[in-house]
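Below: final.cif (mmCIF, C-alpha atoms)
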```cif
data_work
#
loop_
_atom_site.label_atom_id
_atom_site.label_comp_id
_atom_site.auth_asym_id
_atom_site.auth_seq_id
_atom_site.Cartn_x
_atom_site.Cartn_y
_atom_site.Cartn_z
CA MET A 1 -42.21 45.93 -76.02
CA PRO A 2 -38.61 45.28 -74.96
CA ASN A 3 -36.20 43.30 -77.06
CA ILE A 4 -32.96 41.38 -76.61
CA ILE A 5 -30.06 43.83 -77.04
CA GLY A 6 -27.06 41.55 -77.60
CA GLY A 7 -25.95 38.16 -78.83
CA LYS A 8 -27.44 35.80 -81.37
CA TYR A 9 -31.08 36.69 -80.61
CA ARG A 10 -30.49 40.44 -80.73
CA ARG A 11 -33.62 42.42 -81.64
CA THR A 12 -35.98 39.57 -80.71
CA VAL A 13 -39.05 41.20 -79.19
CA LEU A 14 -40.35 39.85 -75.88
CA GLU A 15 -43.70 40.22 -74.15
CA VAL A 16 -44.03 41.94 -70.78
CA PRO A 17 -47.01 41.56 -68.45
CA ASN A 18 -48.65 44.99 -68.25
CA LYS A 19 -48.59 46.69 -64.84
CA ILE A 20 -47.50 43.51 -63.04
CA VAL A 21 -43.74 43.68 -63.60
CA ARG A 22 -41.16 46.42 -63.99
CA PRO A 23 -38.83 45.24 -66.77
CA THR A 24 -35.14 46.12 -66.61
CA SER A 25 -34.55 48.84 -69.21
CA ALA A 26 -32.25 48.35 -72.21
CA LEU A 27 -29.84 50.91 -70.74
CA LYS A 28 -29.55 49.00 -67.46
CA ARG A 29 -29.30 45.62 -69.23
CA GLU A 30 -26.48 46.95 -71.41
CA ALA A 31 -24.70 48.23 -68.29
CA ILE A 32 -25.19 44.93 -66.45
CA PHE A 33 -23.72 42.81 -69.25
CA SER A 34 -20.93 45.28 -69.96
CA ILE A 35 -19.88 45.19 -66.29
CA LEU A 36 -20.19 41.38 -66.17
CA GLU A 37 -18.11 40.87 -69.31
CA SER A 38 -15.48 43.38 -68.24
CA TYR A 39 -15.24 41.79 -64.78
CA SER A 40 -14.90 38.32 -66.30
CA ILE A 41 -12.04 39.46 -68.56
CA GLN A 42 -10.22 41.32 -65.76
CA ASN A 43 -10.50 38.31 -63.44
CA SER A 44 -10.01 35.57 -66.07
CA ILE A 45 -13.29 33.84 -65.29
CA GLU A 46 -15.84 32.28 -67.63
CA ILE A 47 -19.39 33.57 -67.23
CA TYR A 48 -21.14 31.98 -70.23
CA LYS A 49 -19.64 28.65 -71.39
CA ASP A 50 -21.08 25.72 -69.39
CA LYS A 51 -22.54 28.13 -66.81
CA SER A 52 -26.01 29.25 -65.77
CA ILE A 53 -27.85 32.30 -64.52
CA ILE A 54 -30.45 32.28 -61.77
CA ASP A 55 -32.97 35.04 -62.46
CA ILE A 56 -34.83 35.57 -59.16
CA PHE A 57 -38.16 37.44 -59.37
CA ALA A 58 -37.82 36.75 -63.10
CA GLY A 59 -40.89 38.55 -64.44
CA SER A 60 -40.75 38.43 -68.24
CA GLY A 61 -37.26 36.87 -68.12
CA LEU A 62 -35.38 39.68 -69.85
CA ILE A 63 -32.09 39.20 -67.97
CA GLY A 64 -31.99 35.40 -68.19
CA LEU A 65 -32.94 35.47 -71.87
CA GLU A 66 -30.34 38.14 -72.58
CA ALA A 67 -27.78 35.78 -71.01
CA ILE A 68 -28.98 32.89 -73.23
CA SER A 69 -28.60 35.14 -76.28
CA ARG A 70 -25.02 35.89 -75.22
CA GLY A 71 -24.10 32.22 -74.83
CA ILE A 72 -24.89 31.06 -71.30
CA LYS A 73 -25.79 27.37 -71.15
CA LYS A 74 -28.93 27.56 -68.97
CA SER A 75 -31.26 30.07 -67.35
CA TYR A 76 -33.16 29.24 -64.19
CA PHE A 77 -36.15 31.54 -63.70
CA ILE A 78 -37.74 31.83 -60.25
CA GLU A 79 -41.20 33.42 -60.43
CA ASN A 80 -44.39 32.72 -58.50
CA ASN A 81 -47.07 34.78 -60.27
CA GLU A 82 -49.02 32.41 -62.56
CA SER A 83 -50.10 35.05 -65.10
CA VAL A 84 -46.49 36.30 -65.33
CA ILE A 85 -45.23 32.71 -65.72
CA LYS A 86 -47.44 32.24 -68.80
CA ILE A 87 -45.72 35.17 -70.53
CA LEU A 88 -42.29 34.11 -69.22
CA SER A 89 -42.86 30.64 -70.68
CA LYS A 90 -43.82 32.11 -74.08
CA ASN A 91 -40.68 34.29 -74.05
CA CYS A 92 -38.49 31.31 -73.17
CA LYS A 93 -39.96 29.20 -75.97
CA ARG A 94 -39.35 32.06 -78.41
CA ILE A 95 -35.60 32.08 -77.64
CA CYS A 96 -34.52 28.86 -75.90
CA LYS A 97 -34.30 25.18 -76.60
CA ASN A 98 -36.08 23.15 -73.89
CA ASN A 99 -32.86 22.22 -72.10
CA GLU A 100 -31.69 25.86 -71.94
CA PHE A 101 -34.22 27.03 -69.37
CA GLU A 102 -36.15 25.95 -66.30
CA ILE A 103 -39.01 27.90 -64.74
CA ILE A 104 -39.27 27.40 -60.99
CA SER A 105 -42.81 28.33 -59.98
CA GLU A 106 -42.20 29.17 -56.33
CA LYS A 107 -41.55 32.10 -54.04
CA ALA A 108 -37.93 33.23 -54.33
CA ILE A 109 -36.87 31.99 -50.92
CA ASP A 110 -38.35 28.51 -51.61
CA GLY A 111 -37.07 28.35 -55.20
CA LEU A 112 -33.52 28.50 -53.87
CA ASP A 113 -34.00 25.18 -52.03
CA ARG A 114 -32.86 23.04 -54.93
CA ASN A 115 -29.83 21.69 -56.68
CA PHE A 116 -28.96 23.82 -59.70
CA LYS A 117 -27.33 21.24 -61.99
CA VAL A 118 -25.50 23.82 -64.12
CA GLU A 119 -23.19 25.95 -61.98
CA PRO A 120 -24.40 29.55 -61.78
CA SER A 121 -21.93 32.24 -62.77
CA ILE A 122 -24.59 34.96 -62.42
CA ILE A 123 -27.42 35.43 -59.93
CA PHE A 124 -29.78 38.32 -60.67
CA ILE A 125 -32.11 39.56 -57.93
CA ASP A 126 -34.78 42.08 -58.93
CA PRO A 127 -37.67 41.99 -56.45
CA PRO A 128 -40.64 44.32 -56.44
CA TYR A 129 -39.24 47.49 -54.88
CA LYS A 130 -39.58 47.57 -51.07
CA LYS A 131 -41.75 44.44 -51.02
CA GLU A 132 -39.22 41.65 -50.53
CA ASN A 133 -36.33 41.23 -48.12
CA ILE A 134 -33.26 41.05 -50.34
CA ASN A 135 -31.09 40.25 -47.33
CA LEU A 136 -33.03 37.02 -46.70
CA VAL A 137 -32.47 36.00 -50.32
CA LEU A 138 -28.72 36.71 -50.02
CA LEU A 139 -28.52 34.70 -46.79
CA LYS A 140 -30.37 31.77 -48.43
CA ILE A 141 -27.92 31.82 -51.37
CA LEU A 142 -25.03 31.59 -48.90
CA LYS A 143 -26.70 29.01 -46.64
CA ASN A 144 -27.51 26.71 -49.56
CA LYS A 145 -24.03 27.16 -51.07
CA ILE A 146 -25.53 28.07 -54.45
CA ARG A 147 -22.69 30.32 -55.51
CA SER A 148 -19.07 29.50 -56.25
CA LYS A 149 -16.20 31.88 -55.51
CA ASN A 150 -16.57 33.33 -59.03
CA THR A 151 -20.36 33.77 -59.04
CA ILE A 152 -21.44 37.37 -59.54
CA ILE A 153 -24.61 38.53 -57.81
CA ILE A 154 -26.45 41.55 -59.20
CA ILE A 155 -29.18 43.29 -57.24
CA GLU A 156 -31.54 45.75 -58.91
CA THR A 157 -33.44 47.80 -56.34
CA ASN A 158 -34.74 51.20 -55.37
CA ARG A 159 -31.82 53.60 -54.84
CA GLU A 160 -33.10 54.40 -51.32
CA GLU A 161 -33.16 50.80 -50.15
CA LYS A 162 -30.44 49.83 -47.71
CA ILE A 163 -28.86 46.46 -48.37
CA VAL A 164 -26.71 44.82 -45.71
CA ILE A 165 -24.06 42.75 -47.48
CA PRO A 166 -23.73 39.52 -45.48
CA LYS A 167 -20.38 38.12 -44.43
CA GLY A 168 -19.11 35.91 -47.25
CA LEU A 169 -20.04 38.36 -50.02
CA THR A 170 -17.99 41.29 -51.29
CA PHE A 171 -19.42 44.44 -52.86
CA PHE A 172 -17.44 45.56 -55.93
CA LYS A 173 -19.57 47.99 -57.95
CA GLN A 174 -22.66 50.18 -57.82
CA LYS A 175 -24.43 52.05 -60.63
CA VAL A 176 -27.37 54.41 -60.15
CA TYR A 177 -29.97 55.11 -62.85
CA GLY A 178 -32.69 57.53 -61.72
CA LYS A 179 -34.63 55.80 -58.94
CA THR A 180 -32.81 52.50 -59.45
CA LYS A 181 -29.47 51.20 -58.24
CA LEU A 182 -27.55 48.15 -59.37
CA LEU A 183 -25.24 46.45 -56.88
CA PHE A 184 -22.61 43.93 -57.94
CA LEU A 185 -21.31 41.38 -55.42
CA ASN A 186 -19.15 38.30 -55.47
#
```
Go through the file and emit its structure as structure tokens.
Amino acid sequence: MPNIIGGKYRRTVLEVPNKIVRPTSALKREAIFSILESYSIQNSIEIYKDKSIIDIFAGSGLIGLEAISRGIKKSYFIENNESVIKILSKNCKRICKNNEFEIISEKAIDGLDRNFKVEPSIIFIDPPYKKENINLVLLKILKNKIRSKNTIIIIETNREEKIVIPKGLTFFKQKVYGKTKLLFLN
């Protein structure tokens, strides 16, 4: 069972739906938050205080809950599998106060058709490998003006998958871990 690796809920164990989701490993989560925090310092931007994360294809919620543990104000989780949502909800209640999270029970592309009341500083996209069109999700984020100029988008995907970065987004970092790559955009 994975656990939170940083912040005030460090070492809290979370449930993961067996065989349905592929949780982001502790190594990759540590890299993600290290890169985010370094980027925020270098660019003098706030990523936690009064900000939110949108965790798309949320699964067990590891990334959004890690962000809550580190001080982000709210996590929005977009997930459409009902059995996964039950575990996600349990994990959220283990860590969050009710106003610190919202579970959006819709397909990713539809879940982005809303007003996110707390400005997102982080958008995390981790679809099932080779089963979802990441480019359509990126285009929807741009079309709906969900991100601000300082929002950081992280994509976790298969290292072989080709991602076309749409006009309006800038690629700034890539990390590869085995069969997985992490892309960072703003």
- Residue IDs satisfying the PyMOL selection byres ((chain A and resi 92-102) around 8), as a ChimeraX atom specification: /A:9,61,65,68-69,73-77,88-91,103-104
- Message: As an exercise, work out the distance from CA of Arg10 (chain A) to CA of Leu62 (chain A) in Å and give it to one decimal place.
- Response: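 The value is 12.0 Å.
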- Rounded to one decimal place, report the CA of Gly64 (chain A)-CA of Asp110 (chain A) distance in Å.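 Straight-line distance from CA of Gly64 (chain A) to CA of Asp110 (chain A) works out to 19.0 Å.
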What do you get, as a PDB file with C-alpha atoms, keeping the file's coordinate frame, if you spell out every residue that the PyMOL selection byres ((chain A and resi 174) around 12) selects here?
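Output file result-v2.pdb follows:
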```
ATOM      1  CA  LYS A  28     -29.550  49.000 -67.460  1.00  0.00           C
ATOM      2  CA  ALA A  31     -24.700  48.230 -68.290  1.00  0.00           C
ATOM      3  CA  ILE A  32     -25.190  44.930 -66.450  1.00  0.00           C
ATOM      4  CA  ILE A  35     -19.880  45.190 -66.290  1.00  0.00           C
ATOM      5  CA  ILE A 153     -24.610  38.530 -57.810  1.00  0.00           C
ATOM      6  CA  ILE A 154     -26.450  41.550 -59.200  1.00  0.00           C
ATOM      7  CA  ILE A 155     -29.180  43.290 -57.240  1.00  0.00           C
ATOM      8  CA  GLU A 156     -31.540  45.750 -58.910  1.00  0.00           C
ATOM      9  CA  THR A 157     -33.440  47.800 -56.340  1.00  0.00           C
ATOM     10  CA  ARG A 159     -31.820  53.600 -54.840  1.00  0.00           C
ATOM     11  CA  ILE A 163     -28.860  46.460 -48.370  1.00  0.00           C
ATOM     12  CA  THR A 170     -17.990  41.290 -51.290  1.00  0.00           C
ATOM     13  CA  PHE A 171     -19.420  44.440 -52.860  1.00  0.00           C
ATOM     14  CA  PHE A 172     -17.440  45.560 -55.930  1.00  0.00           C
ATOM     15  CA  LYS A 173     -19.570  47.990 -57.950  1.00  0.00           C
ATOM     16  CA  LYS A 175     -24.430  52.050 -60.630  1.00  0.00           C
ATOM     17  CA  VAL A 176     -27.370  54.410 -60.150  1.00  0.00           C
ATOM     18  CA  TYR A 177     -29.970  55.110 -62.850  1.00  0.00           C
ATOM     19  CA  THR A 180     -32.810  52.500 -59.450  1.00  0.00           C
ATOM     20  CA  LYS A 181     -29.470  51.200 -58.240  1.00  0.00           C
ATOM     21  CA  LEU A 182     -27.550  48.150 -59.370  1.00  0.00           C
ATOM     22  CA  LEU A 183     -25.240  46.450 -56.880  1.00  0.00           C
ATOM     23  CA  PHE A 184     -22.610  43.930 -57.940  1.00  0.00           C
ATOM     24  CA  LEU A 185     -21.310  41.380 -55.420  1.00  0.00           C
TER      25      LEU A 185
END
```
- Item | Answer key for the PyMOL selection byres ((chain A and resi 42-48) around 7), residues as a ChimeraX atom specification | /A:38-41,49-51,71-73,121
- Note on the structure: Separating CA of Glu79 (chain A) from CA of Ser105 (chain A), to the nearest tenth of an Å, is a gap of 5.4 Å
- Task: For each of A:Ala26, A:Leu136, A:Ile4, A:Ala67, take the minimum atom-to-atom distance to Ile54 (chain A), counting all atoms listed in the file, then give the residue where this is smallest.
- Result: A:Ala67
- Item | Pick from A:Val13, A:Val21, A:Leu112, A:Ile63 nearest to Pro127 (chain A), counting only C-alpha atoms | A:Val21
- Out of A:Lys167, A:Lys162, A:Arg11, A:Arg70, which residue has the shortest atom-to-atom distance to Ile134 (chain A) when counting all atoms listed in the file? A:Lys162
- Which polymer residues have any atom within 9 Å of an atom of Leu169 (chain A), counting all atoms listed in the file, with same-chain residues fewer than 3 positions away left out, as a PyMOL selection string? chain A and resi 138+142+165-166+185-186
